[in-house]
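Reading through the structure tokens given below for one structure.
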Amino acid sequence: MQAKLMLHIDNGPAVLKRCAALVKAADLLDIPVLVTEQNPRGLGPSVDGLIGERHRVIEKDTFDATLCPDFVAALPSKETVLFVAGCEAHVCVLLTVTGLLRLGYTVELIADAVGSRAPENKAIALARAQREGALPTTTESTIFGWLGSCRHPRFRDALALVK
């Protein structure tokens, strides 16, 4: 979700809106957020306002984040389900998802919160990730799954993020 790249992502504003909703919902529910930035000297930082000081940012040069020792060291236990969103679907997202699966994680790929420059690249990446074992999901499914119930004390706050 780096600013220079997002200008070229198909349906980029919608992808960014969903990623922002996920980050805000995670913050409301005290779910840790781990952010990677691909070659930030070339692609720049994450989009302004998307992440804050409480989020861990890992700079990487590898397309598959699991080839970056700092990223792997920051991962939770393998019993934790990992939710993945970002850009580009067919490069960093796909390669990281397949890397996480190889490491033994359960991965939910948030299909409406990933993007590529070309829609066909995104479609192929989503299909391949699912074949490899990633579970497809959506932003709303993820947020409501994190809440668990409309009785959750943060339900109304989270609901406002998806309306």
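Quick note on naming: the chains in the structure tokens go A, B, ... in the order shown, residues restart at 1 in each chain, and ligands are numbered from 1 in order of appearance.
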Open item on the list: Give me the residues near Leu34 in chain A as a VMD selection string, where near means some atom within 10 Å (using only C-alpha atoms) and where sequence neighbours in that chain fewer than 5 positions away do not count.
Closed with: chain A and resid 23 51 54 to 58 71 74 to 75 84
Task: Who sits within 9 Å of Leu126 in chain A, only C-alpha atoms, same chain under 2 positions skipped, as a VMD selection string - done: chain A and resid 89 to 90 94 109 111 121 to 124 128 to 131 134 136
Show me, as a tab-separated table, the residues of range 22-65 of chain A having an atom within 9 Å of range 137-161 of chain A, each with the closest atom pair and its distance in Å, using only C-alpha atoms.
```
residue	atom	partner	partner_atom	distance
A:Leu22	CA	A:Thr139	CA	6.7
A:Lys24	CA	A:Leu161	CA	7.7
A:Ala25	CA	A:Ala158	CA	5.7
A:Ala26	CA	A:Ile143	CA	8.1
A:Leu28	CA	A:Arg154	CA	7.0
A:Leu29	CA	A:Arg154	CA	7.4
A:Ile31	CA	A:Trp146	CA	8.7
```
Open item on the list: Residues within 8 Å of Leu101 in chain A, please, as a list of chain:residue names. Count only C-alpha atoms; anything in the same chain fewer than 3 positions from it doesn't count.
Closed with: A:Val97, A:Thr98, A:Gly104, A:Tyr105, A:Thr106, A:Val107, A:Glu132, A:Gly133, A:Ala134
Can I get the selected residues back with N, CA, C and O atoms, as an mmCIF file, in the first residue's frame?
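This went into selection28.cif:
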```cif
data_model
loop_
_atom_site.group_PDB
_atom_site.id
_atom_site.type_symbol
_atom_site.label_atom_id
_atom_site.label_comp_id
_atom_site.auth_asym_id
_atom_site.auth_seq_id
_atom_site.Cartn_x
_atom_site.Cartn_y
_atom_site.Cartn_z
ATOM 1 N N VAL A 97 2.059 -14.943 0.687
ATOM 2 C CA VAL A 97 1.033 -15.911 1.096
ATOM 3 C C VAL A 97 1.551 -17.335 0.922
ATOM 4 O O VAL A 97 1.431 -18.162 1.834
ATOM 5 N N THR A 98 2.140 -17.645 -0.225
ATOM 6 C CA THR A 98 2.642 -19.006 -0.427
ATOM 7 C C THR A 98 3.798 -19.301 0.525
ATOM 8 O O THR A 98 3.921 -20.415 1.025
ATOM 9 N N GLY A 104 3.710 -23.117 7.430
ATOM 10 C CA GLY A 104 2.733 -23.825 8.252
ATOM 11 C C GLY A 104 1.619 -22.961 8.825
ATOM 12 O O GLY A 104 0.864 -23.420 9.687
ATOM 13 N N TYR A 105 1.474 -21.729 8.352
ATOM 14 C CA TYR A 105 0.413 -20.854 8.831
ATOM 15 C C TYR A 105 -0.892 -21.111 8.084
ATOM 16 O O TYR A 105 -0.886 -21.515 6.920
ATOM 17 N N THR A 106 -1.990 -20.831 8.755
ATOM 18 C CA THR A 106 -3.287 -20.717 8.098
ATOM 19 C C THR A 106 -3.393 -19.264 7.654
ATOM 20 O O THR A 106 -3.193 -18.348 8.459
ATOM 21 N N VAL A 107 -3.709 -19.082 6.371
ATOM 22 C CA VAL A 107 -3.740 -17.732 5.800
ATOM 23 C C VAL A 107 -5.111 -17.469 5.207
ATOM 24 O O VAL A 107 -5.621 -18.256 4.409
ATOM 25 N N GLU A 132 -3.189 -23.056 -3.579
ATOM 26 C CA GLU A 132 -2.062 -23.357 -2.691
ATOM 27 C C GLU A 132 -2.512 -23.563 -1.240
ATOM 28 O O GLU A 132 -1.740 -24.030 -0.422
ATOM 29 N N GLY A 133 -3.744 -23.151 -0.918
ATOM 30 C CA GLY A 133 -4.256 -23.381 0.428
ATOM 31 C C GLY A 133 -4.711 -22.149 1.188
ATOM 32 O O GLY A 133 -5.191 -22.264 2.321
ATOM 33 N N ALA A 134 -4.582 -20.965 0.595
ATOM 34 C CA ALA A 134 -5.075 -19.754 1.259
ATOM 35 C C ALA A 134 -6.605 -19.756 1.225
ATOM 36 O O ALA A 134 -7.215 -20.205 0.248
#
```
- [ ] Would you kindly return, as a PyMOL selection string, each protein, DNA or RNA residue with an atom no farther than 7 Å from any atom of Arg117 in chain A, considering only C-alpha atoms and excluding same-chain residues fewer than 3 positions away?
- [x] chain A and resi 8-10
Once you have the residues from the selection above, write them out as a compact mmCIF listing (two decimals), in the first residue's frame, restricted to C-alpha atoms.
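Okay, again-v8.txt is ready:
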```
# COMPACT_ATOMS: atom_id res chain seq x y z
CA HIS A 8 -1.30 2.60 -10.71
CA ILE A 9 -3.45 -0.05 -8.99
CA ASP A 10 -6.69 -1.02 -10.72
```
Task: Coordinates-based distance that separates CA of Leu135 in chain A from CA of Lys78 in chain A (Å, one decimal) - done: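 Pair CA of Lys78 in chain A / CA of Leu135 in chain A returns 15.7 Å.
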TODO: Determine the nearest neighbour of Lys60 in chain A from the options A:Asp112, A:Asp48, A:Glu79, A:Glu37, counting only C-alpha atoms.
DONE: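 The answer is A:Glu37, which sits nearest to Lys60 in chain A.
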- [ ] Could you tell me, as number ranges by chain, which residues of range 9-144 of chain A DSSP assigns to strand (DSSP E or B) when given the backbone?
- [x] A: 34-38, 46, 56-60, 81-87, 106-115, 135-137
Give me a file of those residues, with N, CA and C atoms, as a compact mmCIF listing (two decimals), in the first residue's frame.
```txt
# COMPACT_ATOMS: atom_id res chain seq x y z
N LEU A 34 1.03 -6.04 11.12
CA LEU A 34 2.41 -6.07 10.65
C LEU A 34 2.42 -5.59 9.21
N VAL A 35 3.21 -4.57 8.92
CA VAL A 35 3.23 -3.94 7.60
C VAL A 35 4.59 -4.18 6.96
N THR A 36 4.57 -4.51 5.67
CA THR A 36 5.83 -4.57 4.93
C THR A 36 5.83 -3.45 3.90
N GLU A 37 7.02 -2.94 3.66
CA GLU A 37 7.21 -1.95 2.60
C GLU A 37 8.30 -2.46 1.68
N GLN A 38 7.95 -2.65 0.42
CA GLN A 38 8.88 -3.14 -0.58
C GLN A 38 9.76 -2.00 -1.07
N SER A 46 4.38 3.75 3.01
CA SER A 46 2.94 3.45 2.93
C SER A 46 2.16 4.75 2.79
N ARG A 56 3.98 -2.18 13.39
CA ARG A 56 5.36 -2.57 13.07
C ARG A 56 5.53 -2.55 11.56
N VAL A 57 6.54 -1.84 11.07
CA VAL A 57 6.82 -1.76 9.64
C VAL A 57 8.15 -2.46 9.38
N ILE A 58 8.13 -3.39 8.45
CA ILE A 58 9.32 -4.12 8.05
C ILE A 58 9.69 -3.70 6.64
N GLU A 59 10.86 -3.16 6.47
CA GLU A 59 11.36 -2.85 5.13
C GLU A 59 11.93 -4.13 4.54
N LYS A 60 11.64 -4.34 3.25
CA LYS A 60 12.14 -5.56 2.60
C LYS A 60 12.52 -5.29 1.17
N VAL A 81 -4.11 -17.49 13.01
CA VAL A 81 -4.54 -17.31 11.63
C VAL A 81 -4.05 -15.94 11.18
N LEU A 82 -3.41 -15.89 10.02
CA LEU A 82 -2.90 -14.64 9.49
C LEU A 82 -3.83 -14.14 8.39
N PHE A 83 -4.16 -12.86 8.43
CA PHE A 83 -5.01 -12.22 7.43
C PHE A 83 -4.11 -11.32 6.59
N VAL A 84 -4.19 -11.48 5.27
CA VAL A 84 -3.27 -10.77 4.38
C VAL A 84 -4.07 -9.88 3.42
N ALA A 85 -3.58 -8.64 3.26
CA ALA A 85 -4.14 -7.69 2.31
C ALA A 85 -2.98 -6.87 1.77
N GLY A 86 -3.18 -6.19 0.64
CA GLY A 86 -2.14 -5.30 0.13
C GLY A 86 -1.96 -5.37 -1.37
N CYS A 87 -0.82 -4.86 -1.83
CA CYS A 87 -0.51 -4.79 -3.25
C CYS A 87 0.94 -5.18 -3.47
N THR A 106 -1.99 -20.83 8.76
CA THR A 106 -3.29 -20.72 8.10
C THR A 106 -3.39 -19.26 7.65
N VAL A 107 -3.71 -19.08 6.37
CA VAL A 107 -3.74 -17.73 5.80
C VAL A 107 -5.11 -17.47 5.21
N GLU A 108 -5.70 -16.35 5.61
CA GLU A 108 -6.92 -15.86 4.98
C GLU A 108 -6.51 -14.66 4.13
N LEU A 109 -6.76 -14.76 2.83
CA LEU A 109 -6.41 -13.71 1.88
C LEU A 109 -7.66 -12.87 1.62
N ILE A 110 -7.58 -11.60 1.99
CA ILE A 110 -8.74 -10.70 1.91
C ILE A 110 -8.85 -10.18 0.48
N ALA A 111 -9.63 -10.89 -0.32
CA ALA A 111 -9.64 -10.72 -1.77
C ALA A 111 -10.01 -9.31 -2.23
N ASP A 112 -10.91 -8.65 -1.52
CA ASP A 112 -11.32 -7.32 -1.96
C ASP A 112 -10.39 -6.23 -1.41
N ALA A 113 -9.36 -6.63 -0.67
CA ALA A 113 -8.39 -5.67 -0.12
C ALA A 113 -6.99 -5.94 -0.65
N VAL A 114 -6.94 -6.54 -1.84
CA VAL A 114 -5.68 -6.69 -2.57
C VAL A 114 -5.88 -6.12 -3.96
N GLY A 115 -4.80 -5.68 -4.57
CA GLY A 115 -4.91 -5.10 -5.89
C GLY A 115 -3.66 -5.31 -6.71
N LEU A 135 -7.20 -19.25 2.28
CA LEU A 135 -8.64 -19.19 2.36
C LEU A 135 -9.11 -17.81 1.91
N PRO A 136 -9.93 -17.73 0.86
CA PRO A 136 -10.39 -16.42 0.41
C PRO A 136 -11.44 -15.86 1.36
N THR A 137 -11.37 -14.55 1.56
CA THR A 137 -12.35 -13.88 2.40
C THR A 137 -12.51 -12.45 1.92
```
Task: Residues flagged alpha helix (DSSP H) by DSSP in chain A, as a ChimeraX atom specification - done: /A:3-6,12-28,40-43,69-74,94-102,119-132,139-147,155-162
Could you save the residues just selected, with C-alpha atoms, as a tab-separated table (two decimals), in the first residue's frame?
```
chain	number	residue	atom	x	y	z
A	3	ALA	CA	1.87	5.72	-2.27
A	4	LYS	CA	3.83	5.60	-5.55
A	5	LEU	CA	2.43	2.17	-6.41
A	6	MET	CA	-1.18	2.88	-5.43
A	12	GLY	CA	-6.85	1.54	-6.15
A	13	PRO	CA	-9.06	3.91	-4.10
A	14	ALA	CA	-11.43	1.05	-3.20
A	15	VAL	CA	-8.54	-1.27	-2.27
A	16	LEU	CA	-7.03	1.47	-0.11
A	17	LYS	CA	-10.39	2.18	1.58
A	18	ARG	CA	-10.77	-1.50	2.50
A	19	CYS	CA	-7.20	-1.78	3.78
A	20	ALA	CA	-7.74	1.34	5.89
A	21	ALA	CA	-10.94	-0.17	7.33
A	22	LEU	CA	-9.05	-3.36	8.19
A	23	VAL	CA	-6.25	-1.47	9.95
A	24	LYS	CA	-8.73	0.66	11.91
A	25	ALA	CA	-10.80	-2.40	12.88
A	26	ALA	CA	-7.66	-4.25	13.97
A	27	ASP	CA	-6.70	-1.26	16.11
A	28	LEU	CA	-10.19	-1.12	17.68
A	40	PRO	CA	10.71	2.02	0.30
A	41	ARG	CA	13.62	4.05	-1.09
A	42	GLY	CA	12.21	3.41	-4.57
A	43	LEU	CA	8.47	3.01	-3.95
A	69	PRO	CA	14.45	-12.56	8.52
A	70	ASP	CA	12.95	-9.50	10.30
A	71	PHE	CA	9.49	-10.37	8.96
A	72	VAL	CA	9.70	-14.01	10.00
A	73	ALA	CA	10.96	-12.99	13.46
A	74	ALA	CA	7.93	-10.70	13.87
A	94	LEU	CA	0.99	-13.97	-3.62
A	95	LEU	CA	4.61	-14.82	-2.92
A	96	THR	CA	4.25	-13.91	0.76
A	97	VAL	CA	1.03	-15.91	1.10
A	98	THR	CA	2.64	-19.01	-0.43
A	99	GLY	CA	5.67	-18.47	1.82
A	100	LEU	CA	3.46	-18.26	4.91
A	101	LEU	CA	1.65	-21.43	3.86
A	102	ARG	CA	5.01	-23.22	3.46
A	119	PRO	CA	-7.19	-7.00	-13.06
A	120	GLU	CA	-6.18	-10.27	-14.74
A	121	ASN	CA	-3.02	-10.41	-12.61
A	122	LYS	CA	-5.13	-10.07	-9.46
A	123	ALA	CA	-7.57	-12.75	-10.61
A	124	ILE	CA	-4.80	-15.23	-11.39
A	125	ALA	CA	-3.05	-14.49	-8.08
A	126	LEU	CA	-6.24	-15.05	-6.07
A	127	ALA	CA	-6.93	-18.33	-7.86
A	128	ARG	CA	-3.38	-19.56	-7.35
A	129	ALA	CA	-3.31	-18.57	-3.68
A	130	GLN	CA	-6.53	-20.50	-3.11
A	131	ARG	CA	-5.14	-23.57	-4.91
A	132	GLU	CA	-2.06	-23.36	-2.69
A	139	THR	CA	-13.05	-7.16	4.33
A	140	GLU	CA	-16.52	-7.34	5.88
A	141	SER	CA	-16.25	-11.07	6.61
A	142	THR	CA	-12.92	-10.47	8.29
A	143	ILE	CA	-14.10	-7.58	10.46
A	144	PHE	CA	-17.33	-9.31	11.50
A	145	GLY	CA	-15.36	-12.49	12.20
A	146	TRP	CA	-13.02	-10.55	14.46
A	147	LEU	CA	-16.03	-9.08	16.29
A	155	PHE	CA	-19.47	-3.40	17.26
A	156	ARG	CA	-20.87	0.05	16.35
A	157	ASP	CA	-17.37	1.50	15.86
A	158	ALA	CA	-16.39	-1.39	13.59
A	159	LEU	CA	-19.71	-1.29	11.71
A	160	ALA	CA	-19.05	2.37	10.84
A	161	LEU	CA	-15.85	1.29	9.06
A	162	VAL	CA	-17.69	-0.89	6.53
```
Task: Two-atom distance - CA of Lys163 in chain A, CA of Val47 in chain A (Å) - done: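 Straight-line distance from CA of Lys163 in chain A to CA of Val47 in chain A works out to 21.6 Å.
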